[in-house]
Structures are given as structure tokens and as C-alpha cells.
>>> print(open('start-v3.cif').read())   # mmCIF, C-alpha atoms and all ligand atoms
data_model
loop_
_atom_site.label_atom_id
_atom_site.label_comp_id
_atom_site.auth_asym_id
_atom_site.auth_seq_id
_atom_site.Cartn_x
_atom_site.Cartn_y
_atom_site.Cartn_z
CA MET A 1215 -10.28 -13.17 -60.30
CA ILE A 1216 -7.06 -11.60 -59.05
CA LYS A 1217 -7.74 -8.65 -56.74
CA PHE A 1218 -4.51 -8.21 -54.83
CA HIS A 1219 -1.48 -6.99 -56.72
CA PRO A 1220 2.00 -5.79 -55.72
CA THR A 1221 2.08 -2.02 -55.10
CA PRO A 1222 3.31 0.22 -57.92
CA GLU A 1223 6.45 0.93 -55.85
CA LEU A 1224 7.20 -2.77 -55.61
CA ILE A 1225 6.69 -3.22 -59.35
CA GLU A 1226 9.03 -0.34 -60.02
CA GLN A 1227 11.75 -1.74 -57.76
CA PHE A 1228 11.31 -5.11 -59.43
CA VAL A 1229 11.66 -3.59 -62.89
CA THR A 1230 14.79 -1.64 -62.04
CA GLY A 1231 16.31 -4.67 -60.33
CA ILE A 1232 16.72 -3.16 -56.87
CA LEU A 1233 14.09 -5.28 -55.11
CA ALA A 1234 15.55 -8.04 -52.91
CA PRO A 1235 15.84 -11.44 -54.64
CA ALA A 1236 13.20 -13.34 -52.64
CA GLU A 1237 10.66 -10.52 -53.03
CA SER A 1238 11.54 -10.31 -56.72
CA LEU A 1239 10.77 -13.98 -57.10
CA MET A 1240 7.31 -13.43 -55.59
CA VAL A 1241 6.59 -10.48 -57.89
CA SER A 1242 7.84 -12.43 -60.89
CA ALA A 1243 5.61 -15.40 -60.04
CA HIS A 1244 2.63 -13.10 -59.57
CA CYS A 1245 3.30 -11.60 -62.99
CA ASP A 1246 3.27 -15.08 -64.50
CA MET A 1247 -0.29 -15.31 -63.25
CA CYS A 1248 -1.48 -11.72 -63.75
CA LYS A 1249 -1.74 -10.02 -67.12
CA TYR A 1250 -2.43 -6.66 -65.53
CA CYS A 1251 0.90 -6.61 -63.69
CA ARG A 1252 2.74 -8.20 -66.61
CA ASP A 1253 1.64 -5.31 -68.80
CA LEU A 1254 2.55 -2.83 -66.08
CA VAL A 1255 6.01 -4.34 -65.82
CA ASP A 1256 6.46 -4.06 -69.59
CA THR A 1257 5.36 -0.43 -69.60
CA LYS A 1258 7.55 0.51 -66.64
CA THR A 1259 10.52 -1.31 -68.15
CA ALA A 1260 10.15 0.54 -71.44
CA GLU A 1261 9.79 3.89 -69.63
CA PHE A 1262 12.80 3.33 -67.43
CA ALA A 1263 14.92 2.13 -70.35
CA PHE A 1264 13.88 5.14 -72.39
CA ASP A 1265 14.72 7.60 -69.60
CA HIS A 1266 18.10 6.10 -68.86
CA LEU A 1267 19.33 4.85 -72.20
CA GLU A 1268 17.78 7.21 -74.71
CA LEU A 1269 17.16 10.56 -73.08
CA GLU A 1270 20.40 10.45 -71.14
CA SER A 1271 22.98 12.58 -72.90
CA ALA A 1272 26.10 10.61 -73.53
CA ALA A 1273 28.69 13.14 -74.68
CA ALA A 1274 30.23 13.77 -71.27
CA SER A 1275 31.01 10.16 -70.53
CA TYR A 1276 32.73 9.17 -73.75
CA ASP A 1277 35.83 7.23 -72.98
CA PRO A 1278 38.62 6.13 -75.35
CA GLN A 1279 38.50 2.73 -73.67
CA PHE A 1280 35.34 2.16 -75.72
CA ASP A 1281 37.26 1.85 -78.99
CA MET A 1282 39.20 -1.08 -77.62
CA MET A 1283 36.08 -2.63 -76.16
CA LEU A 1284 34.24 -2.39 -79.46
CA ALA A 1285 37.11 -4.02 -81.36
CA ASN A 1286 37.22 -6.73 -78.76
CA ILE A 1287 33.53 -7.52 -78.87
CA THR A 1288 33.19 -7.71 -82.65
CA GLN A 1289 35.92 -10.34 -82.72
CA GLN A 1290 33.73 -12.68 -80.74
CA PRO A 1291 31.67 -15.23 -82.67
CA ALA A 1292 27.89 -15.10 -82.61
CA ALA A 1293 26.18 -17.35 -80.08
CA GLU A 1294 25.06 -20.60 -81.67
CA PRO A 1295 21.27 -20.71 -81.67
CA ARG A 1296 20.57 -23.63 -79.41
CA ASP A 1297 19.31 -26.90 -80.80
CA ARG A 1298 15.71 -26.46 -79.77
CA ALA A 1299 14.52 -30.02 -79.96
CA ARG A 1300 17.39 -31.18 -77.81
CA VAL A 1301 17.04 -28.40 -75.26
CA ASN A 1302 13.33 -29.06 -74.99
CA THR A 1303 13.62 -32.70 -74.15
CA LEU A 1304 16.54 -32.11 -71.82
CA GLU A 1305 14.75 -29.39 -69.92
CA GLN A 1306 11.47 -31.19 -69.73
CA GLU A 1307 13.07 -34.31 -68.43
CA ALA A 1308 14.95 -32.39 -65.81
CA LEU A 1309 12.22 -30.01 -64.76
CA SER A 1310 8.91 -30.96 -63.32
CA THR A 1311 6.57 -27.96 -63.31
CA THR A 1312 4.12 -29.29 -60.79
CA ILE A 1313 4.09 -30.32 -57.16
CA GLU A 1314 1.96 -33.01 -55.67
CA LEU A 1315 0.29 -33.58 -52.35
CA ASP A 1316 -2.10 -36.30 -51.37
CA GLY A 1317 -2.93 -37.27 -54.95
CA LYS A 1318 -3.52 -33.68 -56.05
CA THR A 1319 -1.32 -32.05 -58.69
CA PHE A 1320 -0.64 -28.34 -58.68
CA GLU A 1321 0.71 -26.46 -61.67
CA LEU A 1322 3.26 -23.84 -60.59
CA PRO A 1323 3.78 -20.47 -62.26
CA LYS A 1324 6.88 -20.42 -64.47
CA SER A 1325 9.10 -18.43 -62.12
CA LEU A 1326 8.65 -21.06 -59.44
CA HIS A 1327 9.41 -24.09 -61.61
CA ARG A 1328 12.97 -24.23 -60.39
CA LEU A 1329 11.71 -24.51 -56.81
CA VAL A 1330 10.28 -27.95 -57.45
CA GLN A 1331 13.74 -29.40 -56.95
CA LYS A 1332 14.42 -27.29 -53.90
CA LYS A 1333 11.26 -28.34 -52.13
CA GLY A 1334 11.55 -30.50 -49.04
CA ASN A 1335 9.00 -33.10 -48.01
CA TRP A 1336 5.49 -32.25 -46.97
CA SER A 1337 4.88 -32.40 -43.27
CA SER A 1338 1.61 -32.18 -41.46
CA LEU A 1339 1.03 -29.28 -39.05
CA VAL A 1340 -1.89 -28.45 -36.82
CA GLY A 1341 -5.38 -27.98 -38.20
CA LYS A 1342 -5.41 -29.69 -41.62
CA LEU A 1343 -2.35 -27.77 -42.57
CA TRP A 1344 0.61 -28.98 -44.59
CA GLN A 1345 3.91 -27.36 -45.32
CA ALA A 1346 6.92 -28.10 -47.48
CA PRO A 1347 10.02 -25.96 -46.96
CA VAL A 1348 11.88 -24.50 -49.92
CA ASP A 1349 15.60 -24.00 -49.69
CA LEU A 1350 16.28 -20.65 -51.30
CA GLY A 1351 19.44 -20.00 -49.34
CA TYR A 1352 17.34 -17.10 -48.10
CA ASP A 1353 17.80 -15.51 -44.68
CA GLY A 1354 14.11 -15.80 -43.97
CA VAL A 1355 11.93 -18.81 -44.54
CA ALA A 1356 10.15 -19.96 -47.68
CA ASN A 1357 7.39 -22.57 -47.70
CA PHE A 1358 4.66 -24.07 -49.76
CA ILE A 1359 1.66 -24.24 -47.46
CA TYR A 1360 -1.45 -26.24 -48.21
CA MET A 1361 -4.70 -25.74 -46.31
CA GLU A 1362 -7.19 -28.54 -46.67
CA LYS A 1363 -10.85 -27.55 -46.72
CA GLY A 1364 -11.51 -26.24 -43.24
CA GLY A 1365 -7.78 -25.90 -42.55
CA THR A 1366 -6.67 -22.94 -40.44
CA VAL A 1367 -3.40 -21.23 -39.58
CA PRO A 1368 -3.68 -20.08 -35.94
CA GLU A 1369 -4.16 -16.32 -35.62
CA HIS A 1370 -0.81 -14.59 -35.72
CA THR A 1371 0.93 -11.31 -36.28
CA HIS A 1372 4.29 -10.65 -37.89
CA ARG A 1373 7.46 -9.28 -36.44
CA GLY A 1374 8.91 -8.91 -39.88
CA SER A 1375 7.02 -9.23 -43.11
CA GLU A 1376 5.20 -12.03 -44.83
CA LEU A 1377 4.63 -12.30 -48.56
CA THR A 1378 2.12 -14.84 -49.78
CA LEU A 1379 1.17 -15.84 -53.29
CA VAL A 1380 -1.98 -17.89 -53.79
CA ILE A 1381 -1.09 -20.62 -56.25
CA ASN A 1382 -4.30 -22.55 -56.37
CA GLY A 1383 -7.57 -22.30 -54.49
CA GLU A 1384 -9.17 -19.78 -52.18
CA PHE A 1385 -8.80 -18.73 -48.58
CA SER A 1386 -9.89 -15.96 -46.27
CA ASP A 1387 -8.15 -14.43 -43.29
CA GLY A 1388 -10.92 -12.62 -41.49
CA MET A 1389 -10.15 -9.44 -43.42
CA ASN A 1390 -10.29 -10.48 -47.03
CA GLN A 1391 -11.12 -13.29 -49.40
CA TYR A 1392 -8.19 -14.36 -51.57
CA ASP A 1393 -8.14 -16.28 -54.83
CA SER A 1394 -5.53 -17.89 -57.10
CA GLY A 1395 -2.91 -15.38 -58.20
CA ASP A 1396 -3.45 -12.92 -55.36
CA PHE A 1397 -0.31 -11.31 -53.94
CA ILE A 1398 -0.54 -10.60 -50.22
CA TYR A 1399 1.83 -8.49 -48.15
CA MET A 1400 1.61 -8.56 -44.35
CA ASN A 1401 3.77 -6.88 -41.75
CA GLY A 1402 3.76 -6.14 -38.01
CA ASP A 1403 0.56 -4.10 -38.30
CA HIS A 1404 -1.53 -7.04 -39.45
CA THR A 1405 -3.00 -9.81 -37.39
CA HIS A 1406 -4.74 -12.56 -39.26
CA ALA A 1407 -5.87 -16.17 -39.18
CA PRO A 1408 -5.90 -17.68 -42.67
CA LYS A 1409 -8.56 -20.32 -43.29
CA SER A 1410 -9.68 -22.16 -46.39
CA ASP A 1411 -13.24 -23.28 -47.04
CA ALA A 1412 -12.69 -24.08 -50.68
CA PRO A 1413 -13.62 -27.68 -51.54
CA GLU A 1414 -10.24 -28.23 -53.19
CA GLY A 1415 -8.37 -26.46 -50.37
CA CYS A 1416 -5.70 -23.89 -51.07
CA LEU A 1417 -2.01 -23.96 -51.96
CA VAL A 1418 0.08 -20.88 -51.28
CA PHE A 1419 3.76 -20.02 -51.48
CA SER A 1420 4.95 -17.86 -48.63
CA ILE A 1421 8.11 -16.17 -47.47
CA VAL A 1422 8.55 -14.66 -44.00
CA ASP A 1423 11.64 -12.87 -42.82
CA GLN A 1424 11.04 -13.63 -39.14
CA PRO A 1425 9.07 -16.23 -37.19
CA LEU A 1426 5.35 -15.68 -36.82
CA HIS A 1427 3.89 -14.50 -33.54
CA PHE A 1428 0.70 -16.28 -32.53
CA THR A 1429 -1.87 -14.09 -30.80
CA SER A 1430 -4.90 -16.06 -29.77
CA GLY A 1431 -6.11 -18.97 -27.71
CA ILE A 1432 -4.15 -22.11 -27.28
CA ALA A 1433 -1.92 -21.19 -30.22
CA ARG A 1434 -0.18 -18.62 -28.03
CA LEU A 1435 1.46 -21.54 -26.34
CA LEU A 1436 3.18 -22.15 -29.64
CA ASN A 1437 5.08 -18.89 -29.54
CA PRO A 1438 8.20 -20.19 -27.82
CA PHE A 1439 8.34 -22.73 -30.63
CA SER A 1440 7.17 -20.51 -33.43
CA HIS A 1441 10.58 -20.66 -35.02
CA LEU A 1442 9.77 -24.29 -35.72
CA PHE A 1443 6.73 -23.27 -37.70
CA PHE A 1444 7.11 -22.33 -41.32
CA ARG A 1445 10.71 -23.20 -41.36
CA MET B 1294 42.78 -6.38 -85.96
CA LEU B 1295 39.84 -4.21 -86.54
CA VAL B 1296 40.40 -1.00 -88.37
CA GLY B 1297 38.12 1.44 -90.02
CA ILE B 1298 34.94 1.14 -88.03
CA PRO B 1299 34.01 4.69 -87.18
CA LEU B 1300 32.81 5.04 -83.63
CA GLU B 1301 30.25 7.80 -83.44
CA HIS B 1302 30.84 9.96 -80.43
CA GLU B 1303 28.01 12.35 -80.96
CA ASN B 1304 24.58 11.24 -81.88
CA SER B 1305 22.51 12.79 -79.17
CA ALA B 1306 20.77 14.79 -81.90
CA ILE B 1307 18.69 11.77 -82.98
CA GLU B 1308 15.01 12.06 -82.11
CA PRO B 1309 13.80 9.29 -79.76
CA LYS B 1310 11.30 7.76 -82.20
CA GLU B 1311 13.79 7.72 -85.03
CA CYS B 1312 16.40 6.40 -82.68
CA ALA B 1313 14.34 3.30 -81.90
CA VAL B 1314 13.66 2.61 -85.58
CA GLU B 1315 17.25 3.25 -86.59
CA MET B 1316 18.71 1.11 -83.81
CA SER B 1317 16.24 -1.69 -84.62
CA ASP B 1318 17.45 -1.75 -88.20
CA TYR B 1319 21.05 -1.92 -87.07
CA LEU B 1320 20.30 -4.80 -84.72
CA VAL B 1321 18.61 -6.71 -87.51
CA LYS B 1322 21.68 -6.20 -89.69
CA VAL B 1323 23.90 -7.42 -86.89
CA ALA B 1324 21.73 -10.51 -86.47
CA GLU B 1325 21.49 -11.30 -90.16
CA ASP B 1326 24.85 -10.25 -91.58
CA ARG B 1327 27.09 -9.90 -88.52
CA CYS B 1328 27.44 -6.32 -89.75
CA LYS B 1329 30.20 -4.65 -87.76
CA VAL B 1330 29.41 -1.15 -89.00
CA SER B 1331 25.84 -1.47 -87.76
CA PHE B 1332 27.04 -2.81 -84.45
CA ALA B 1333 29.44 0.12 -84.12
CA ARG B 1334 26.46 2.47 -84.42
CA VAL B 1335 24.55 0.63 -81.73
CA PHE B 1336 27.63 0.51 -79.56
CA GLY B 1337 28.41 4.18 -80.10
CA PHE B 1338 24.94 5.16 -78.99
CA PHE B 1339 24.42 2.81 -76.07
CA ALA B 1340 27.85 2.12 -74.54
CA PRO B 1341 28.37 5.59 -73.03
CA ARG B 1342 24.78 5.71 -71.80
CA LEU B 1343 25.04 2.26 -70.30
CA ARG B 1344 28.18 3.36 -68.56
CA SER B 1345 26.55 6.31 -66.84
CA TYR B 1346 23.60 4.10 -65.85
CA ALA B 1347 26.05 1.51 -64.50
CA LEU B 1348 28.09 4.08 -62.63
CA LYS B 1349 24.99 5.35 -60.87
CA GLN B 1350 23.93 1.83 -59.97
CA LEU B 1351 27.26 0.32 -59.01
CA GLY B 1352 29.28 3.38 -57.98
CA ASN B 1353 32.46 1.76 -59.20
CA GLU B 1354 34.27 2.57 -62.42
CA ALA B 1355 35.74 -0.89 -63.07
CA LEU B 1356 32.46 -2.68 -62.41
CA ALA B 1357 30.62 -0.17 -64.58
CA MET B 1358 32.92 -0.85 -67.52
CA GLU B 1359 32.56 -4.58 -66.94
CA LEU B 1360 28.80 -4.18 -67.10
CA VAL B 1361 29.04 -2.27 -70.39
CA GLN B 1362 31.39 -4.89 -71.82
CA ASP B 1363 29.17 -7.84 -70.82
CA THR B 1364 25.99 -6.16 -71.98
CA MET B 1365 27.32 -5.15 -75.37
CA SER B 1366 28.92 -8.58 -75.90
CA ASN B 1367 25.51 -10.12 -75.40
CA VAL B 1368 24.00 -7.66 -77.85
CA TRP B 1369 26.62 -8.64 -80.44
CA GLN B 1370 26.36 -12.37 -79.86
CA LYS B 1371 22.62 -12.66 -79.40
CA ALA B 1372 21.23 -9.98 -81.68
CA HIS B 1373 19.03 -12.70 -83.23
CA LEU B 1374 17.00 -12.75 -80.00
CA PHE B 1375 16.00 -9.10 -80.38
CA ASN B 1376 12.38 -8.78 -81.47
CA SER B 1377 11.26 -5.28 -82.39
CA GLU B 1378 7.61 -6.28 -81.94
CA LYS B 1379 8.20 -6.93 -78.29
CA GLY B 1380 9.93 -3.69 -77.49
CA SER B 1381 12.45 -1.04 -78.44
CA PRO B 1382 16.22 -1.61 -78.63
CA SER B 1383 16.72 0.51 -75.52
CA THR B 1384 14.28 -1.67 -73.58
CA TRP B 1385 15.96 -4.87 -74.73
CA ILE B 1386 19.46 -3.61 -73.97
CA PHE B 1387 18.39 -2.22 -70.60
CA THR B 1388 16.91 -5.58 -69.57
CA ILE B 1389 20.14 -7.35 -70.51
CA ALA B 1390 22.15 -4.84 -68.47
CA ARG B 1391 19.78 -5.05 -65.51
CA ASN B 1392 20.06 -8.84 -65.44
CA ILE B 1393 23.84 -8.78 -65.62
CA ARG B 1394 23.93 -6.18 -62.88
CA PHE B 1395 21.64 -8.32 -60.69
CA ASP B 1396 23.93 -11.34 -61.03
CA MET B 1397 27.05 -9.19 -60.61
CA LEU B 1398 25.76 -7.79 -57.32
CA ARG B 1399 24.89 -11.28 -56.23
CA LYS B 1400 28.53 -12.25 -56.59
CA VAL B 1401 30.01 -9.03 -55.22
CA GLN B 1402 27.75 -8.96 -52.17
CA ASN B 1403 28.15 -12.67 -51.68
CA ARG B 1404 24.41 -13.12 -51.40
CA LYS B 1405 23.22 -16.45 -50.18
CA GLU B 1406 19.99 -16.58 -52.14
CA ASP B 1407 20.00 -19.03 -54.95
CA ILE B 1408 17.96 -16.82 -57.26
CA CYS B 1409 19.48 -15.57 -60.48
CA ALA B 1410 18.31 -13.00 -62.98
CA ASP B 1411 17.21 -15.62 -65.52
CA ASP B 1412 14.66 -16.91 -63.02
CA LEU B 1413 13.13 -13.48 -62.67
CA TRP B 1414 13.41 -12.01 -66.13
CA PRO B 1415 14.02 -14.56 -68.90
CA VAL B 1416 15.36 -12.02 -71.38
CA LEU B 1417 17.93 -14.02 -73.31
CA CYS B 1418 16.18 -17.39 -73.28
CA GLU B 1419 15.06 -18.99 -76.48
CA GLN B 1420 11.30 -19.45 -76.32
CA THR B 1421 10.17 -23.02 -75.94
CA PRO B 1422 6.59 -24.04 -76.62
CA ASP B 1423 4.53 -25.41 -73.79
CA ALA B 1424 4.13 -29.16 -74.18
CA ASN B 1425 0.84 -29.35 -72.23
CA GLU B 1426 -0.73 -26.70 -74.41
CA GLN B 1427 -0.07 -28.58 -77.63
CA ALA B 1428 -1.32 -31.94 -76.49
CA LEU B 1429 -4.72 -30.65 -75.40
CA ASP B 1430 -6.53 -30.64 -78.73
CA GLU B 1431 -6.02 -34.31 -79.26
CA GLN B 1432 -7.61 -35.38 -76.03
CA VAL B 1433 -11.30 -35.01 -76.80
CA THR B 1434 -13.15 -33.98 -79.95
CA LEU B 1435 -16.13 -31.68 -80.06
CA GLU B 1436 -18.49 -34.41 -81.32
CA GLN B 1437 -17.59 -36.55 -78.38
CA ILE B 1438 -18.45 -33.76 -76.01
CA GLY B 1439 -21.87 -32.87 -77.44
CA HIS B 1440 -24.67 -32.61 -74.89
CA LEU B 1441 -22.53 -33.94 -72.03
CA PHE B 1442 -20.95 -30.54 -72.05
CA GLU B 1443 -24.00 -28.98 -70.42
CA ASP B 1444 -23.51 -31.04 -67.30
CA LEU B 1445 -20.12 -29.50 -66.48
CA PRO B 1446 -19.73 -27.00 -63.65
CA GLU B 1447 -20.04 -23.42 -64.92
CA LYS B 1448 -16.39 -22.47 -64.42
CA GLN B 1449 -15.13 -25.49 -66.35
CA LYS B 1450 -17.67 -24.97 -69.10
CA ILE B 1451 -16.51 -21.42 -69.73
CA VAL B 1452 -12.91 -22.55 -70.11
CA LEU B 1453 -13.72 -25.46 -72.43
CA GLU B 1454 -16.02 -23.33 -74.54
CA ALA B 1455 -13.28 -20.79 -75.04
CA ILE B 1456 -10.81 -23.49 -76.08
CA TYR B 1457 -12.98 -25.67 -78.30
CA ILE B 1458 -15.52 -23.25 -79.69
CA GLU B 1459 -13.71 -19.94 -79.76
CA GLY B 1460 -10.33 -21.55 -80.41
CA LYS B 1461 -8.50 -19.53 -77.79
CA SER B 1462 -5.24 -20.48 -76.16
CA GLN B 1463 -5.13 -21.17 -72.45
CA GLN B 1464 -3.01 -18.05 -71.97
CA GLU B 1465 -5.61 -15.89 -73.72
CA ILE B 1466 -8.33 -17.28 -71.50
CA ALA B 1467 -6.27 -16.67 -68.38
CA ASP B 1468 -5.71 -13.07 -69.43
CA GLU B 1469 -9.35 -12.48 -70.30
CA LEU B 1470 -10.81 -13.95 -67.14
CA GLU B 1471 -7.99 -12.45 -65.06
CA ILE B 1472 -7.17 -15.79 -63.52
CA PRO B 1473 -3.80 -17.52 -63.49
CA LEU B 1474 -2.75 -19.80 -66.32
CA GLY B 1475 -2.38 -22.68 -63.84
CA THR B 1476 -6.04 -22.32 -62.86
CA VAL B 1477 -7.12 -22.49 -66.49
CA LYS B 1478 -4.96 -25.57 -66.94
CA SER B 1479 -6.38 -27.35 -63.95
CA ARG B 1480 -9.98 -26.45 -64.88
CA THR B 1481 -9.37 -27.79 -68.36
CA ARG B 1482 -7.81 -30.94 -67.00
CA LEU B 1483 -10.67 -31.48 -64.56
CA ALA B 1484 -13.29 -30.83 -67.21
CA LEU B 1485 -11.68 -33.23 -69.65
CA GLN B 1486 -11.36 -35.91 -67.01
CA ARG B 1487 -15.00 -35.45 -66.18
CA LEU B 1488 -16.08 -35.59 -69.80
CA LYS B 1489 -14.07 -38.71 -70.40
CA GLY B 1490 -15.75 -40.25 -67.40
CA MET B 1491 -19.16 -39.28 -68.78
CA ILE B 1492 -18.31 -40.64 -72.21
CA SER B 1493 -17.35 -44.04 -70.86
CA ASP B 1494 -20.49 -44.11 -68.68
CA TYR B 1495 -22.53 -43.26 -71.75
CA ASP B 1496 -21.04 -46.01 -73.92
ZN ZN C 1 -1.26 -8.29 -60.57
#
>>> encode(input="start-v3.cif", output="C-alpha cells")
Amino acid sequence: MIKFHPTPELIEQFVTGILAPAESLMVSAHCDMCKYCRDLVDTKTAEFAFDHLELESAAASYDPQFDMMLANITQQPAAEPRDRARVNTLEQEALSTTIELDGKTFELPKSLHRLVQKKGNWSSLVGKLWQAPVDLGYDGVANFIYMEKGGTVPEHTHRGSELTLVINGEFSDGMNQYDSGDFIYMNGDHTHAPKSDAPEGCLVFSIVDQPLHFTSGIARLLNPFSHLFFR
Amino acid sequence: MLVGIPLEHENSAIEPKECAVEMSDYLVKVAEDRCKVSFARVFGFFAPRLRSYALKQLGNEALAMELVQDTMSNVWQKAHLFNSEKGSPSTWIFTIARNIRFDMLRKVQNRKEDICADDLWPVLCEQTPDANEQALDEQVTLEQIGHLFEDLPEKQKIVLEAIYIEGKSQQEIADELEIPLGTVKSRTRLALQRLKGMISDYD
């Protein structure tokens, strides 16, 4: 069951379109998986639209340019409804909706389908950990990360922020237990060491805006190289 | 040339509820008959409001007018995608404007991210049915399952029961159990694989 959701502020920024693109993608993918937030998004969207496009009085901003614009628009033809059968086959051929690792197939939420083509190869990290980078053209770093049963990410803290979406499986980080669909936000105040004990392991999608900072044991030695991790 | 379509400058007196119903009817007429008079009503109500929204968001007169133009063109061309059961005209038109604004800013600010509004909010996409969902029913019949069913792990059993006995869709199950659709799909797939294995053992 999903227990961790984006904050109401984040949902609101997402709805109004002012949330940054990479964060928006995470919220959108969470909403694919979470009916609660999907409904919240719908409600917030309707409220915002009502406030700004219905309640708003329009008289002051009438502009004669509009007459020309109207005439212009109504001269355009209607959009051809697309040939569904054709579009379907084309899109399904082009778009795989799953990613694979080690014989396992993971179904991705709709918003992440386009990432399948942007995903790099899986590489093995320390401690039964796998990662595949995703090229979002994003300033920070986006990765699919897979923890095998017993797999652990060394304890670390964040200089910037880390957003994680659990796509399939369960993991815990010493503070909480997370399940498929959970949306997790971490920043400089949090130190954690994610670990999966689920028999099927755990696949997450994660974006960080700055390299991780490892805090414990031998992993501290990794810090000078931490920019190589999750990149 | 277009002559004789009255552009209403003043309709702020319409009550909100009525407004939604009235605008819905106009949109339907635009979709069905390409009715220019109906579109002029929709345009007259929303264009000025969109413009003040756009001005606040973009802070630039020319961009604001471009946003109004693009939004209302989409309304005219794709009125057939409006569905009053899913939401009010203002909601639909706002989501179109928001998406255009998102992609406009992406260009203006020269953002590097390869994420466009359609990825985030598929507002103007024609719905396509999910191929996996349709194929499911044909994979195993209830008679085949029979008593083998009891041997499934609890989580898989719940999902299969909901599909085969209660006739629910995978999306409905995901919503009810508050788990992601992908999880329902993989549980179903695992359960079916397992059942098929059991059936062949049994034969
Ligand atoms: Zn949620």
C-alpha cells in the first residue's frame, strides 16, 4: 500500500505547471500509480481553473486584437481525428513499456514509458546494487536503481535533494519501510542507508541534483568519487 | 473573410454553474457542427481571461497573446476531445493553456531537460486502450483454475479473484488496494504463470 505521497504544495505546483520538469515527471509517475494523488490533482486542477478562468473578471482586459484572432482561428480546419488502429500499432512497436534486468521484467508507470529509450545499460555497483542512467538532459542525475534481495546503498546524506519513486518491490532505509508507488523526498537533513530484503528485490527511479555524500564506514572512502555514483 | 460573428465583450454576469453547462453545450456544437457562433461565445468568455492568466504567468504581452492564440486554436481544432464527464470547460481549457505555457517556457528559457508537457499531462492525446489488459481474459479460464487457485500466494489470489470472479479491471483493483497498476499487472502475470505451471503438472 502506498504510504508516502508528494506534499500538497508539490501537487499544487505540479498542477499549475510551475514545478521544475524533472520533479514534475516524478510527481506525474507517482500519480500514475496512486489514485489518491490522481484525484487530488484533478480536484486542484478544477479549482485552479475555476479561480483563474471563471471567477476572474474579464472586462478590463478586452482587446480589439481578439476580433482578428477569432476570425483567424475559425478559418483553420478541424484536426483530423487520428487513425487509431494505425497509431496504436505504430506506438506499440516503437515504445516498450517495460525494462528488464537479469531475466526480470518491470512494468513502468505511463509517465516513464518514454524513458525506456533514454536508459543506458545496467552496471553493477557495490553490494548487490545495479544502476542504469537515464539521459533526461537534466542538470542533476537520473537513474533506475535495482537492489537485489539483501542489496544496500551505503549510508549517505544529500547535499542537494533526492527524489525517489519505488517502481516495484520494497525497501527500508533505517527510518521507514517503503513499498511500490511510494514517493520519497530527501534533502541535506536526512541521512539514510537504503536496503532491500524483499525476495524479488526492489526497483526505484531516482533523481538527485548533486552527488551523494557517504557518511559511514568504508563507504566514506567513496566520497572523493561519489560523483561517479548515480551518474 | 469572416463577418457577422458577434464577439461578446461582457458576460461576466453568468453564474459559474450555468457557465460550465453553457460553455459545454457550445463546445459540443463546435465539435459536431464546426459552429462558429458557438465558438465565438467560448472565445469571448475565455480569451480575455486566458490573457490575464497568461500575463501573470509570463509577464510579457506578446507571449501572453501567443498563449491565448495557441490555446484557443486547439480548442477550435480539437473540440471533439472535450469530455464534459471528465471536467468543466474551464478545467479543460486551463490544462491546454498550462501545457502550452510549459512548452513555451521550455523554449524561451532554453531548458535542457527533454521533458515536454505531453509526458506530464496527456490532455490532448486520443485515448488508446491498453493491449495487455485486453489479452488477459483469454489466457486462462475459470474452469481450468478450479481448486489449484487455493494454492496461490495470498496477494496473487486476491488480484485474480477480483479479475475473474468480480470482473474488475486491473486499474480498479489497483485503485481499491491502493497499489500501483504495475504491481497488479505483475501479480497477475506471476499468478497466471504459476497456474499454468500447475495445470501442466496436473495433466
Ligand atoms: Zn499519492
>>> closest_residue(input="start-v3.cif", among="A:Phe1397, A:Tyr1392, A:Phe1419, A:Phe1264", to="ligand ZN 1 (chain C)", atoms="all atoms listed in the file")
A:Phe1397
>>> residues_near_ligand(input="start-v3.cif", ligand="ligand ZN 1 (chain C)", cutoff="9 Å", atoms="all atoms listed in the file", output="number ranges by chain")
A: 1216-1221, 1241, 1244-1245, 1247-1252, 1254, 1395-1397
>>> atom_distance(input="start-v3.cif", atom1="CA of Asp1396 in chain B", atom2="CA of Gln1350 in chain B")
13.2 Å
>>> interface_residues(input="start-v3.cif", of="chain A", to="chain B", cutoff="6 Å", atoms="all atoms listed in the file", output="ChimeraX atom specification")
/A:1215,1242,1247,1249,1260,1263,1267,1272,1275-1276,1285,1287,1292-1293,1321,1325,1350-1352,1395
>>> write_last_selection(input="start-v3.cif", atoms="C-alpha atoms", output="PDB file, in the coordinates of the input")
ATOM      1  CA  MET A1215     -10.280 -13.170 -60.300  1.00  0.00           C
ATOM      2  CA  SER A1242       7.840 -12.430 -60.890  1.00  0.00           C
ATOM      3  CA  MET A1247      -0.290 -15.310 -63.250  1.00  0.00           C
ATOM      4  CA  LYS A1249      -1.740 -10.020 -67.120  1.00  0.00           C
ATOM      5  CA  ALA A1260      10.150   0.540 -71.440  1.00  0.00           C
ATOM      6  CA  ALA A1263      14.920   2.130 -70.350  1.00  0.00           C
ATOM      7  CA  LEU A1267      19.330   4.850 -72.200  1.00  0.00           C
ATOM      8  CA  ALA A1272      26.100  10.610 -73.530  1.00  0.00           C
ATOM      9  CA  SER A1275      31.010  10.160 -70.530  1.00  0.00           C
ATOM     10  CA  TYR A1276      32.730   9.170 -73.750  1.00  0.00           C
ATOM     11  CA  ALA A1285      37.110  -4.020 -81.360  1.00  0.00           C
ATOM     12  CA  ILE A1287      33.530  -7.520 -78.870  1.00  0.00           C
ATOM     13  CA  ALA A1292      27.890 -15.100 -82.610  1.00  0.00           C
ATOM     14  CA  ALA A1293      26.180 -17.350 -80.080  1.00  0.00           C
ATOM     15  CA  GLU A1321       0.710 -26.460 -61.670  1.00  0.00           C
ATOM     16  CA  SER A1325       9.100 -18.430 -62.120  1.00  0.00           C
ATOM     17  CA  LEU A1350      16.280 -20.650 -51.300  1.00  0.00           C
ATOM     18  CA  GLY A1351      19.440 -20.000 -49.340  1.00  0.00           C
ATOM     19  CA  TYR A1352      17.340 -17.100 -48.100  1.00  0.00           C
ATOM     20  CA  GLY A1395      -2.910 -15.380 -58.200  1.00  0.00           C
TER      21      GLY A1395
END
>>> atom_distance(input="start-v3.cif", atom1="CA of Gly1317 in chain A", atom2="CA of Asn1357 in chain A")
19.4 Å
